[in-house]
>>> print(open('model.cif').read())   # mmCIF, C-alpha atoms
data_data
#
loop_
_atom_site.label_atom_id
_atom_site.label_comp_id
_atom_site.auth_asym_id
_atom_site.auth_seq_id
_atom_site.Cartn_x
_atom_site.Cartn_y
_atom_site.Cartn_z
CA MET A 1 -2.74 92.65 -186.27
CA THR A 2 -1.53 95.83 -184.61
CA ASP A 3 1.89 97.04 -185.72
CA TYR A 4 3.60 97.70 -182.39
CA PHE A 5 6.51 99.39 -184.16
CA ALA A 6 4.17 101.98 -185.68
CA LEU A 7 2.31 102.40 -182.39
CA LEU A 8 5.57 103.32 -180.65
CA LYS A 9 6.87 105.26 -183.66
CA GLU A 10 9.79 102.89 -184.22
CA GLN A 11 11.26 101.59 -187.47
CA ARG A 12 10.61 97.93 -188.18
CA ARG A 13 13.92 96.30 -187.34
CA PRO A 14 15.22 93.60 -185.00
CA TRP A 15 17.22 95.98 -182.80
CA ILE A 16 15.93 98.90 -180.77
CA ASP A 17 17.69 101.14 -178.29
CA PRO A 18 15.99 100.14 -175.01
CA ASP A 19 16.42 103.57 -173.42
CA LEU A 20 14.91 105.40 -176.40
CA LEU A 21 12.07 102.88 -176.56
CA ARG A 22 11.33 103.48 -172.88
CA GLN A 23 11.39 107.26 -173.37
CA LYS A 24 8.94 107.01 -176.28
CA PHE A 25 6.69 104.70 -174.30
CA LEU A 26 6.62 107.02 -171.29
CA ALA A 27 5.90 110.09 -173.43
CA LEU A 28 3.13 108.36 -175.41
CA SER A 29 1.59 106.74 -172.34
CA ALA A 30 1.44 110.12 -170.62
CA GLU A 31 -0.54 111.46 -173.59
CA VAL A 32 -3.11 108.65 -173.60
CA HIS A 33 -3.28 107.74 -169.91
CA PRO A 34 -6.87 107.00 -168.81
CA ASP A 35 -6.56 109.43 -165.89
CA ARG A 36 -6.56 112.26 -168.43
CA VAL A 37 -10.22 111.54 -169.24
CA HIS A 38 -11.51 110.81 -165.75
CA GLY A 39 -14.38 113.28 -166.18
CA ALA A 40 -15.40 112.04 -169.62
CA GLN A 41 -18.22 109.73 -170.63
CA GLU A 42 -17.87 105.99 -170.16
CA SER A 43 -17.27 105.34 -173.86
CA GLU A 44 -14.37 107.79 -173.92
CA LYS A 45 -12.93 106.32 -170.72
CA ARG A 46 -13.16 102.82 -172.19
CA ALA A 47 -11.45 103.95 -175.42
CA ALA A 48 -8.65 105.59 -173.43
CA GLN A 49 -8.19 102.42 -171.39
CA GLU A 50 -7.97 100.34 -174.60
CA ARG A 51 -5.39 102.70 -176.15
CA TYR A 52 -3.34 102.61 -172.97
CA ALA A 53 -3.51 98.80 -172.77
CA GLU A 54 -2.45 98.50 -176.42
CA LEU A 55 0.48 100.84 -175.83
CA ASN A 56 1.57 98.75 -172.84
CA ALA A 57 1.32 95.56 -174.90
CA ALA A 58 3.44 97.18 -177.62
CA TYR A 59 6.12 98.24 -175.16
CA ASN A 60 6.20 94.85 -173.43
CA CYS A 61 6.57 93.10 -176.79
CA LEU A 62 9.23 95.35 -178.30
CA ARG A 63 11.43 95.58 -175.23
CA GLU A 64 12.01 91.80 -175.31
CA PRO A 65 14.31 90.78 -178.21
CA LYS A 66 12.71 87.39 -178.86
CA GLU A 67 9.16 88.78 -178.79
CA ARG A 68 10.22 91.74 -180.94
CA LEU A 69 11.71 89.40 -183.54
CA ALA A 70 8.60 87.19 -183.56
CA HIS A 71 6.38 90.26 -183.96
CA LEU A 72 8.56 91.58 -186.79
CA LEU A 73 8.44 88.25 -188.59
CA GLU A 74 4.67 88.07 -188.20
CA LEU A 75 4.26 91.57 -189.61
CA GLU A 76 6.55 90.83 -192.54
CA THR A 77 5.20 87.38 -193.42
CA GLY A 78 1.57 87.77 -192.39
CA ALA A 79 1.65 84.69 -190.16
CA LYS A 80 3.00 83.78 -186.74
CA PRO A 81 6.41 82.15 -187.08
CA LYS A 82 6.35 78.57 -185.84
CA GLN A 83 10.04 77.93 -185.21
CA VAL A 84 10.86 81.06 -183.20
CA GLN A 85 9.90 79.35 -179.95
CA ASN A 86 12.49 76.65 -180.66
CA VAL A 87 15.49 78.93 -181.26
CA PRO A 88 18.40 77.73 -179.11
CA PRO A 89 19.68 80.38 -176.67
CA ASP A 90 23.17 80.32 -178.22
CA LEU A 91 21.74 81.08 -181.66
CA MET A 92 19.64 83.91 -180.26
CA ASP A 93 22.74 85.36 -178.57
CA ALA A 94 24.64 85.17 -181.86
CA PHE A 95 21.76 86.89 -183.65
CA MET A 96 21.79 89.71 -181.10
CA GLU A 97 25.56 90.14 -181.53
CA ILE A 98 25.11 90.38 -185.29
CA THR A 99 22.33 92.95 -184.98
CA ASN A 100 24.46 95.03 -182.61
CA ILE A 101 27.30 94.98 -185.14
CA CYS A 102 24.91 95.96 -187.94
CA ARG A 103 23.44 98.72 -185.83
CA GLY A 104 26.91 100.03 -185.08
CA GLN A 105 27.80 100.09 -188.78
CA MET A 106 24.58 101.94 -189.61
CA LEU A 107 25.34 104.58 -186.99
CA PHE A 108 28.72 105.31 -188.55
CA SER A 109 27.72 105.22 -192.21
#
>>> encode(input="model.cif", output="structure tokens")
Amino acid sequence: MTDYFALLKEQRRPWIDPDLLRQKFLALSAEVHPDRVHGAQESEKRAAQERYAELNAAYNCLREPKERLAHLLELETGAKPKQVQNVPPDLMDAFMEITNICRGQMLFS
């Protein structure tokens, strides 16, 4: 399994600053964009397209809190979590509040 956190140069954690994530994604995607190799051989073009698609998948996963949490749990446990799809919205909101509080405490410590 691809570690989307590593791909986007983020620490493995349940919270991510969405603006910083977007900035990293844009910078990295500019580096690997398939248009940069338009004159290359087909194999190099295909590889660039795959890298770009993987980067997009990573960004789309990590920018969504529920998908990010599921990905984190899968990386940490080695298996897809089964109950994450059944998390009630209120519980997910509470979890996000807790992570925001924890993030705030880490910024000031």
>>> resolve_selection(input="model.cif", expression="the PyMOL selection byres ((chain A and resi 17) around 12)", output="number ranges by chain")
A: 10-11, 13-16, 18-24, 62-65, 99-100, 103-104
>>> resolve_selection(input="model.cif", expression="the PyMOL selection byres ((chain A and resi 32-37) around 7)", output="list in words")
Leu28, Ser29, Ala30, Glu31, His38, Gly39, Ala40, Lys45, Ala48, Gln49, Arg51 and Tyr52 of chain A
>>> resolve_selection(input="model.cif", expression="the PyMOL selection byres ((chain A and resi 67) around 12)", output="short mmCIF file (atom, residue, chain, number, x, y, z; two decimals) with C-alpha atoms, keeping the file's coordinate frame")
data_model
loop_
_atom_site.label_atom_id
_atom_site.label_comp_id
_atom_site.auth_asym_id
_atom_site.auth_seq_id
_atom_site.Cartn_x
_atom_site.Cartn_y
_atom_site.Cartn_z
CA TYR A 4 3.60 97.70 -182.39
CA PRO A 14 15.22 93.60 -185.00
CA TRP A 15 17.22 95.98 -182.80
CA ALA A 57 1.32 95.56 -174.90
CA ALA A 58 3.44 97.18 -177.62
CA TYR A 59 6.12 98.24 -175.16
CA ASN A 60 6.20 94.85 -173.43
CA CYS A 61 6.57 93.10 -176.79
CA LEU A 62 9.23 95.35 -178.30
CA ARG A 63 11.43 95.58 -175.23
CA GLU A 64 12.01 91.80 -175.31
CA PRO A 65 14.31 90.78 -178.21
CA LYS A 66 12.71 87.39 -178.86
CA ARG A 68 10.22 91.74 -180.94
CA LEU A 69 11.71 89.40 -183.54
CA ALA A 70 8.60 87.19 -183.56
CA HIS A 71 6.38 90.26 -183.96
CA LEU A 72 8.56 91.58 -186.79
CA LEU A 73 8.44 88.25 -188.59
CA GLU A 74 4.67 88.07 -188.20
CA LYS A 80 3.00 83.78 -186.74
CA PRO A 81 6.41 82.15 -187.08
CA VAL A 84 10.86 81.06 -183.20
CA GLN A 85 9.90 79.35 -179.95
CA VAL A 87 15.49 78.93 -181.26
CA MET A 92 19.64 83.91 -180.26
#
>>> atom_distance(input="model.cif", atom1="CA of Phe25 (chain A)", atom2="CA of Thr2 (chain A)")
15.9 Å
>>> atom_distance(input="model.cif", atom1="CA of Thr77 (chain A)", atom2="CA of Phe5 (chain A)")
15.2 Å
>>> axis_aligned_box(input="model.cif", around="region 2-20 of chain A", padding_each_side="3 Å", output="AutoDock Vina command-line options")
--center_x 8.1 --center_y 99.5 --center_z -180.8 --size_x 25.2 --size_y 17.8 --size_z 20.8
>>> atom_distance(input="model.cif", atom1="CA of Met1 (chain A)", atom2="CA of Glu50 (chain A)")
14.9 Å
